[in-house]
Every structure is written in structure tokens, then in C-alpha cells.
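Colleague: This is upload-v5.cif (mmCIF, C-alpha atoms).
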data_final
loop_
_atom_site.label_atom_id
_atom_site.label_comp_id
_atom_site.auth_asym_id
_atom_site.auth_seq_id
_atom_site.Cartn_x
_atom_site.Cartn_y
_atom_site.Cartn_z
CA MET A 1 0.00 0.00 0.00
CA ILE A 2 1.23 3.49 -0.85
CA ASP A 3 2.30 5.63 2.11
CA LYS A 4 0.03 8.64 1.54
CA THR A 5 2.27 11.17 3.27
CA THR A 6 5.32 10.14 1.25
CA PHE A 7 3.23 10.02 -1.89
CA MET A 8 1.87 13.56 -1.50
CA GLU A 9 5.28 14.96 -0.54
CA THR A 10 6.84 13.35 -3.59
CA LEU A 11 4.04 14.57 -5.82
CA ARG A 12 4.42 18.17 -4.71
CA SER A 13 8.21 18.01 -5.08
CA VAL A 14 7.86 16.73 -8.64
CA GLN A 15 5.24 19.40 -9.31
CA GLU A 16 7.73 22.09 -8.30
CA ILE A 17 10.33 20.53 -10.58
CA ALA A 18 7.82 20.43 -13.45
CA GLU A 19 6.89 24.09 -12.96
CA ALA A 20 10.53 25.16 -12.90
CA SER A 21 11.49 23.05 -15.91
CA GLN A 22 11.68 24.81 -19.26
CA ALA A 23 10.64 21.64 -21.08
CA PRO A 24 7.77 19.34 -20.02
CA LEU A 25 8.85 16.30 -18.03
CA SER A 26 8.56 13.01 -19.85
CA ARG A 27 6.55 10.11 -18.49
CA GLU A 28 9.77 8.25 -17.78
CA GLU A 29 11.18 11.17 -15.80
CA ILE A 30 8.01 11.49 -13.74
CA GLN A 31 7.86 7.76 -13.06
CA SER A 32 11.49 7.74 -11.91
CA TYR A 33 10.59 9.94 -8.92
CA PHE A 34 7.98 7.37 -7.84
CA GLY A 35 10.24 4.41 -8.57
CA GLU A 36 10.10 2.94 -5.07
CA MET A 37 6.30 3.04 -4.95
CA GLU A 38 4.16 0.27 -6.38
CA LEU A 39 1.85 2.26 -8.63
CA SER A 40 -0.69 0.76 -11.00
CA LEU A 41 -0.83 1.88 -14.63
CA GLU A 42 -3.92 4.02 -14.05
CA GLN A 43 -2.28 5.67 -11.03
CA GLN A 44 0.76 6.49 -13.14
CA GLU A 45 -1.49 7.94 -15.83
CA MET A 46 -3.43 10.08 -13.34
CA ILE A 47 -0.19 11.39 -11.83
CA TYR A 48 1.06 12.29 -15.30
CA GLU A 49 -2.18 14.13 -16.14
CA TYR A 50 -2.06 15.91 -12.77
CA LEU A 51 1.49 17.16 -13.29
CA MET A 52 0.89 18.14 -16.90
CA HIS A 53 -2.25 20.15 -15.96
CA PRO A 54 -1.96 23.73 -17.28
CA LYS A 55 -0.47 25.94 -14.57
CA GLN A 56 -1.38 29.53 -13.91
CA GLU A 57 0.05 32.15 -16.24
CA THR A 58 2.18 35.09 -15.22
CA ALA A 59 0.78 37.80 -12.96
CA GLU A 60 0.56 40.24 -15.86
CA GLN A 61 -1.37 37.75 -18.00
CA GLU A 62 -3.71 37.05 -15.09
CA LYS A 63 -4.32 40.77 -14.68
CA LYS A 64 -5.26 41.07 -18.36
CA GLU A 65 -7.58 38.08 -18.14
CA SER A 66 -9.23 39.47 -15.02
CA ALA A 67 -9.76 42.84 -16.70
CA LYS A 68 -11.35 41.14 -19.72
CA LYS A 69 -13.69 39.15 -17.50
CA GLY A 70 -14.65 42.29 -15.60
CA LYS A 71 -15.60 44.05 -18.84
CA ALA A 72 -17.59 41.02 -19.90
CA GLY A 73 -19.68 41.26 -16.75
CA ASN A 74 -18.18 38.16 -15.21
CA GLY A 75 -17.52 39.85 -11.90
CA GLY A 76 -13.79 40.28 -12.40
CA ASN A 77 -13.11 38.25 -9.27
CA LYS A 78 -12.28 34.84 -10.79
CA LYS A 79 -8.68 34.91 -11.93
CA HIS A 80 -8.33 31.80 -14.10
CA SER A 81 -5.53 31.31 -16.57
CA ARG A 82 -6.61 30.93 -20.18
CA PRO A 83 -5.75 27.19 -20.34
CA PHE A 84 -7.64 26.53 -17.11
CA GLN A 85 -10.69 28.44 -18.34
CA MET A 86 -10.60 26.26 -21.45
CA TYR A 87 -10.47 23.23 -19.15
CA LEU A 88 -13.54 24.43 -17.23
CA ASN A 89 -15.38 24.96 -20.52
CA GLU A 90 -14.48 21.49 -21.73
CA ILE A 91 -15.59 19.59 -18.62
CA ARG A 92 -19.02 21.22 -18.80
CA GLY A 93 -19.63 19.11 -21.89
CA ILE A 94 -18.96 15.77 -20.17
CA PRO A 95 -22.18 13.74 -20.27
CA VAL A 96 -23.57 12.72 -16.87
CA LEU A 97 -24.08 8.99 -16.39
CA SER A 98 -27.22 7.58 -14.83
CA GLU A 99 -27.20 6.09 -11.33
CA LYS A 100 -27.24 2.60 -12.82
CA GLU A 101 -24.26 3.38 -15.05
CA ARG A 102 -22.29 4.92 -12.17
CA GLN A 103 -23.09 1.94 -9.95
CA ALA A 104 -21.73 -0.37 -12.66
CA LEU A 105 -18.57 1.73 -12.86
CA TYR A 106 -17.87 1.41 -9.14
CA GLN A 107 -18.51 -2.33 -9.32
CA ARG A 108 -15.91 -2.56 -12.08
CA LEU A 109 -13.47 -0.54 -9.98
CA LEU A 110 -13.90 -2.91 -7.03
CA ALA A 111 -13.53 -5.87 -9.37
CA GLY A 112 -10.07 -4.59 -10.31
CA GLU A 113 -10.73 -3.15 -13.78
CA LYS A 114 -8.08 -0.51 -14.43
CA GLU A 115 -10.12 1.43 -16.99
CA ALA A 116 -12.89 2.09 -14.46
CA ALA A 117 -10.75 4.45 -12.34
CA ALA A 118 -10.12 6.78 -15.30
CA GLN A 119 -13.82 6.78 -16.25
CA ILE A 120 -14.84 7.52 -12.66
CA SER A 121 -12.31 10.37 -12.51
CA ASN A 122 -13.78 11.78 -15.71
CA GLN A 123 -17.26 11.71 -14.18
CA TRP A 124 -16.00 13.57 -11.10
CA LEU A 125 -14.29 16.44 -12.95
CA LYS A 126 -17.29 18.78 -12.84
CA ARG A 127 -18.16 17.89 -9.24
CA ILE A 128 -14.60 18.51 -8.06
CA ALA A 129 -14.56 21.92 -9.76
CA GLU A 130 -17.86 22.78 -8.04
CA ILE A 131 -16.53 21.71 -4.63
CA ALA A 132 -13.31 23.66 -5.19
CA GLU A 133 -15.30 26.87 -5.74
CA SER A 134 -16.36 26.85 -2.08
CA TYR A 135 -12.74 26.65 -0.88
CA THR A 136 -11.27 29.32 -3.16
CA THR A 137 -9.59 32.25 -1.37
CA GLY A 138 -6.98 34.86 -2.18
CA ARG A 139 -4.24 32.26 -1.73
CA ALA A 140 -6.02 28.99 -2.39
CA LEU A 141 -6.65 29.24 -6.14
CA LEU A 142 -9.33 27.27 -7.92
CA GLU A 143 -7.07 25.39 -10.32
CA ASP A 144 -4.76 24.32 -7.49
CA LEU A 145 -7.74 23.16 -5.46
CA VAL A 146 -9.02 21.18 -8.43
CA GLN A 147 -5.67 19.43 -8.70
CA GLU A 148 -5.68 18.60 -4.99
CA GLY A 149 -9.26 17.35 -5.27
CA ASN A 150 -8.37 15.09 -8.17
CA MET A 151 -5.56 13.54 -6.13
CA GLY A 152 -7.91 13.14 -3.17
CA LEU A 153 -10.29 11.23 -5.45
CA LEU A 154 -7.42 8.99 -6.56
CA LEU A 155 -6.58 8.17 -2.94
CA GLY A 156 -10.26 7.59 -2.19
CA MET A 157 -10.60 5.08 -5.03
CA GLU A 158 -7.44 3.35 -3.89
CA GLY A 159 -8.90 3.10 -0.39
CA LEU A 160 -12.11 1.52 -1.72
CA THR A 161 -10.25 -1.12 -3.74
CA LYS A 162 -7.93 -1.95 -0.83
CA GLU A 163 -10.89 -2.44 1.49
CA GLN A 164 -12.58 -4.67 -1.07
CA GLU A 165 -9.42 -6.78 -1.38
CA LYS A 166 -9.21 -7.09 2.39
CA ALA A 167 -12.87 -8.12 2.65
CA GLU A 168 -12.36 -10.79 0.01
CA GLN A 169 -9.30 -12.14 1.78
CA GLU A 170 -10.99 -12.27 5.18
CA ASP A 171 -14.36 -13.68 4.08
CA ASP A 172 -13.21 -15.49 0.94
CA ARG A 173 -16.07 -13.86 -0.94
CA THR A 174 -16.95 -10.52 -2.55
CA GLU A 175 -19.09 -8.42 -0.28
CA GLU A 176 -21.86 -6.36 -1.80
CA MET A 177 -20.83 -2.78 -2.44
CA SER A 178 -22.37 -0.09 -0.25
CA SER A 179 -25.11 2.08 -1.75
CA LEU A 180 -24.14 4.39 -4.59
CA GLU A 181 -24.88 7.42 -2.38
CA ALA A 182 -22.61 6.13 0.41
CA VAL A 183 -19.74 5.40 -1.97
CA GLU A 184 -19.93 8.80 -3.63
CA LYS A 185 -20.19 10.57 -0.27
CA ARG A 186 -17.12 8.73 0.88
CA LEU A 187 -15.14 9.73 -2.21
CA GLU A 188 -16.30 13.31 -1.71
CA LEU A 189 -14.88 13.22 1.81
CA PHE A 190 -11.46 12.35 0.37
CA VAL A 191 -11.79 15.17 -2.16
CA ARG A 192 -12.70 17.70 0.52
CA ALA A 193 -10.01 16.45 2.90
CA ALA A 194 -7.37 17.00 0.21
CA MET A 195 -8.63 20.53 -0.39
CA GLU A 196 -8.77 21.20 3.35
CA SER A 197 -5.16 20.11 3.75
CA TYR A 198 -4.08 22.38 0.90
CA CYS A 199 -6.01 25.35 2.33
CA GLN A 200 -4.43 24.86 5.74
CA GLU A 201 -0.99 24.99 4.17
CA THR A 202 -1.69 28.09 2.10
CA GLU A 203 -3.88 30.11 4.45
CA SER A 204 -2.38 29.28 7.86
CA ALA A 205 -4.12 31.01 10.78
CA ASP A 206 -6.35 33.14 8.54
CA TYR A 207 -8.14 30.01 7.40
CA ASN A 208 -8.65 28.39 10.80
CA GLU A 209 -12.25 29.45 11.38
CA ASN A 210 -13.47 28.21 7.99
CA THR A 211 -11.35 25.07 8.31
CA ILE A 212 -12.95 24.09 11.62
CA LEU A 213 -16.45 24.60 10.22
CA ALA A 214 -15.62 22.51 7.14
CA LYS A 215 -14.13 19.75 9.28
CA VAL A 216 -17.21 19.68 11.48
CA ASN A 217 -19.24 19.08 8.33
CA LEU A 218 -16.80 16.41 7.15
CA ILE A 219 -16.97 14.57 10.46
CA HIS A 220 -20.77 14.86 10.55
CA GLU A 221 -21.04 13.30 7.08
CA ALA A 222 -18.57 10.58 8.04
CA GLN A 223 -20.62 9.76 11.13
CA LYS A 224 -23.76 9.28 9.05
CA ILE A 225 -22.04 7.14 6.42
CA LEU A 226 -20.24 4.90 8.90
CA ALA A 227 -23.38 4.50 11.02
CA GLU A 228 -25.29 3.45 7.92
CA GLU A 229 -22.59 1.01 6.83
CA ASN A 230 -21.81 -0.56 10.23
CA GLY A 231 -25.07 -0.14 12.10
CA THR A 232 -23.28 1.38 15.11
CA ILE A 233 -22.09 4.82 16.17
CA PRO A 234 -18.51 5.20 14.84
CA THR A 235 -15.63 5.66 17.27
CA GLN A 236 -13.21 8.56 17.03
CA GLN A 237 -10.57 6.13 15.72
CA GLU A 238 -12.92 5.03 12.92
CA LEU A 239 -13.71 8.65 12.07
CA SER A 240 -10.01 9.46 12.00
CA GLN A 241 -9.26 6.60 9.63
CA TYR A 242 -12.18 7.58 7.42
CA THR A 243 -11.52 11.33 7.21
CA ARG A 244 -7.72 11.34 7.69
CA ILE A 245 -8.12 13.87 10.51
CA PRO A 246 -6.02 13.06 13.64
CA VAL A 247 -7.95 11.40 16.49
CA LYS A 248 -7.10 14.19 18.97
CA GLU A 249 -8.33 16.84 16.55
CA ILE A 250 -11.56 14.93 15.98
CA GLY A 251 -12.10 14.80 19.75
CA ASP A 252 -11.50 18.54 20.03
CA ILE A 253 -13.86 19.32 17.14
CA LEU A 254 -16.62 17.07 18.48
CA SER A 255 -16.29 18.66 21.91
CA LEU A 256 -16.47 22.13 20.36
CA ALA A 257 -19.51 21.18 18.27
CA SER A 258 -21.35 19.75 21.28
CA LYS A 259 -21.02 23.07 23.12
CA ASP A 260 -22.68 25.05 20.33
#
Go through the file and emit its structure as C-alpha cells.
Modeller:
Amino acid sequence: MIDKTTFMETLRSVQEIAEASQAPLSREEIQSYFGEMELSLEQQEMIYEYLMHPKQETAEQEKKESAKKGKAGNGGNKKHSRPFQMYLNEIRGIPVLSEKERQALYQRLLAGEKEAAAQISNQWLKRIAEIAESYTTGRALLEDLVQEGNMGLLLGMEGLTKEQEKAEQEDDRTEEMSSLEAVEKRLELFVRAAMESYCQETESADYNENTILAKVNLIHEAQKILAEENGTIPTQQELSQYTRIPVKEIGDILSLASKD
């Protein structure tokens, strides 16, 4: 299993290298940085797409784009680079699958089909962009949040497949997948947790109030999902494992919420 801390640290280091490089990094160069990690082919492809995602243009170009948007009546407050705006326009055209089709996709993911992860990621592009909008601040930019959310989704899908493998090994049978709503809520928790982590790093103390409120919501959603799945009230340890928030912090947040 991939060590998530090492993975994210390596990813951000390679991202800095990619941004500083005059020429795009090749797939082989990118893979060399993750050489000691056992990554599947779809994970390697998602990492490559993540690192090759169009980065923000220069400050002067941003200023011009912002001015154009302001004249067009777009509010002038969303500073997207031209490539990223093209990306947002493109993902709006992605057709939405029905519940039955999405359920089938997740079943394929749990069955070990590599192509399913890429198709699921494609379905989540618009949702991740919508979630990222609520976390955007002066320092936490939308396109960076989208990237973090995409990586959170990747980790969430990995977590689902690992749990399925464990269940099969322990029971020697394939357990029925949780409801579509529960699975998608769980993946959304991973997406939001990744964005939360990024916001904490970029906003520091200025972001604390909003961060606590968002984490309260995350924990509340996790409580409902775990209670539905297990039939019992989840422990703080289970919530910590589910949300990737430290146990002590979960205890502090729950205590704070109970006083309100």
C-alpha cells in the first residue's frame, strides 16, 4: 500500500520541478521519482495528467484576463488562466451517467478493472470543480484546489479497492458494495479532505475558522455514512481513519460542536 504522506510529498516536489522546468517532463522522468512506490498503470497515468495540468500564467497575464472578465460582466473576481478556463469549458460538456451506469462503474473498480478508475475520474471532474469553488480564497486558487481534489479522489478510489481486497481475503467472498450514495459521499470526503489540507498549508491562521467549520461538516457526514454502513455509532478512531483527521483533533472538534 502506498504511504500517503510520502506520496503527497513526492508529488508536490515533482510538481515544483515540473513548474521550474523549461521543457515538459517526460513520463519516464516522472515515473522515476515514484520508482520505489508500487503504482498501478492508471495511477501512473493520473499522476502524469495531474502534473501536466496547465499551470497559472504570469501575474501580468492574469491581470489582463481578469480585466477582460470584468468588462464582460463576469464579476472580475475569478482569476483563471486561459488554459484553465478552457479546461472548465471542456468539462461542462462531459455527459452525466445515470445512477445505474455509475453503480456499474464502481462495481468494475472494485472488481479490479483498471479502466474504471479513469472513467470515474472523468465523471468527477465537474463535481470537483464545483466543490473547489467553495474553498477558493486569495491564496487557495481554484485550479490548485481542483488538482488537490483530483488527487484526493485517486486516494479515495485506492482506499475503496484496498478495502474490497481485504474483505475478500478475510471472508473469501466478494461483499456487496455499499449504496451508490454512500460510496460517492465517501469519495467526496477524500476530495474535501485533500482541499482542506491544501487550504491549511496556504492560508495558515487566517483560514482556521473556515477550516474548523468545514471539518465539522466532514466529520458529521462521516458519522452518518459509517453508522449506515456498520449499524453502530462510529468511534473517534474510525472517524479518523475515514476522514484522515487526527484522532485528537476529531475529539476537540466534536467537543467544540457539542457546546454550540
Colleague: For Leu239 of chain A, which of A:Arg27, A:Arg82, A:Arg92, A:Lys215 is the closest residue, counting all atoms listed in the file?
Modeller: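 Result for the nearest residue to Leu239 of chain A: A:Lys215.
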Colleague: Please determine, counting all atoms listed in the file, which residue among A:Gln44, A:Ser134, A:Gln237, A:Thr243 has the shortest atom-to-atom distance to His220 of chain A.
Modeller: A:Thr243
Colleague: Could you give me, as a list of chain:residue names, the residues that have an atom at most 8 Å away from the point (-2.9, 25.2, -2.3) in the coordinates of the file, using only C-alpha atoms?
Modeller: A:Arg139, A:Ala140, A:Leu141, A:Asp144, A:Leu145, A:Glu148, A:Met195, A:Tyr198, A:Cys199, A:Glu201, A:Thr202
Colleague: Determine, counting only C-alpha atoms, every residue of protein, DNA or RNA that lies within 6 Å of (-27.0, 3.5, -7.2) in the file coordinates, then give the result as a PyMOL selection string.
Modeller: chain A and resi 99-100+103+179-180
Colleague: Selected residues, C-alpha atoms, written as a compact mmCIF listing (two decimals), in the frame of the given file, please.
Modeller:
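Result file is selection.txt:
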# COMPACT_ATOMS: atom_id res chain seq x y z
CA GLU A 99 -27.20 6.09 -11.33
CA LYS A 100 -27.24 2.60 -12.82
CA GLN A 103 -23.09 1.94 -9.95
CA SER A 179 -25.11 2.08 -1.75
CA LEU A 180 -24.14 4.39 -4.59
Colleague: Do you know which residues are at most 12 Å from Arg127 of chain A counting only C-alpha atoms, after dropping those on the same chain fewer than 6 positions away, and could you put them as a PDB file with C-alpha atoms, in the frame of the given file?
Modeller:
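Output file result-v9.pdb follows:
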ATOM      1  CA  LEU A  88     -13.540  24.430 -17.230  1.00  0.00           C
ATOM      2  CA  ILE A  91     -15.590  19.590 -18.620  1.00  0.00           C
ATOM      3  CA  ARG A  92     -19.020  21.220 -18.800  1.00  0.00           C
ATOM      4  CA  ILE A  94     -18.960  15.770 -20.170  1.00  0.00           C
ATOM      5  CA  VAL A  96     -23.570  12.720 -16.870  1.00  0.00           C
ATOM      6  CA  ILE A 120     -14.840   7.520 -12.660  1.00  0.00           C
ATOM      7  CA  SER A 121     -12.310  10.370 -12.510  1.00  0.00           C
ATOM      8  CA  GLU A 133     -15.300  26.870  -5.740  1.00  0.00           C
ATOM      9  CA  SER A 134     -16.360  26.850  -2.080  1.00  0.00           C
ATOM     10  CA  VAL A 146      -9.020  21.180  -8.430  1.00  0.00           C
ATOM     11  CA  GLY A 149      -9.260  17.350  -5.270  1.00  0.00           C
ATOM     12  CA  ASN A 150      -8.370  15.090  -8.170  1.00  0.00           C
ATOM     13  CA  LEU A 153     -10.290  11.230  -5.450  1.00  0.00           C
ATOM     14  CA  GLU A 184     -19.930   8.800  -3.630  1.00  0.00           C
ATOM     15  CA  LYS A 185     -20.190  10.570  -0.270  1.00  0.00           C
ATOM     16  CA  LEU A 187     -15.140   9.730  -2.210  1.00  0.00           C
ATOM     17  CA  GLU A 188     -16.300  13.310  -1.710  1.00  0.00           C
ATOM     18  CA  VAL A 191     -11.790  15.170  -2.160  1.00  0.00           C
ATOM     19  CA  ARG A 192     -12.700  17.700   0.520  1.00  0.00           C
TER      20      ARG A 192
END
Colleague: Between A:Ala222, A:Ala18, A:Leu142, A:Val183, which one has atoms that come closest to Ile128 of chain A, using all atoms listed in the file?
Modeller: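 Looking only at the distances to Ile128 of chain A, the closest residue turns out to be A:Leu142.
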Colleague: Tell me, in Å to one decimal, how far atom CA of Arg102 of chain A is from atom CA of Asn230 of chain A.
Modeller: 23.1 Å
Colleague: Rank nothing, just name the residue among A:Ala118, A:Ile253, A:Leu25, A:Ala194 nearest to Ile219 of chain A, using all atoms listed in the file.
Modeller: A:Ile253
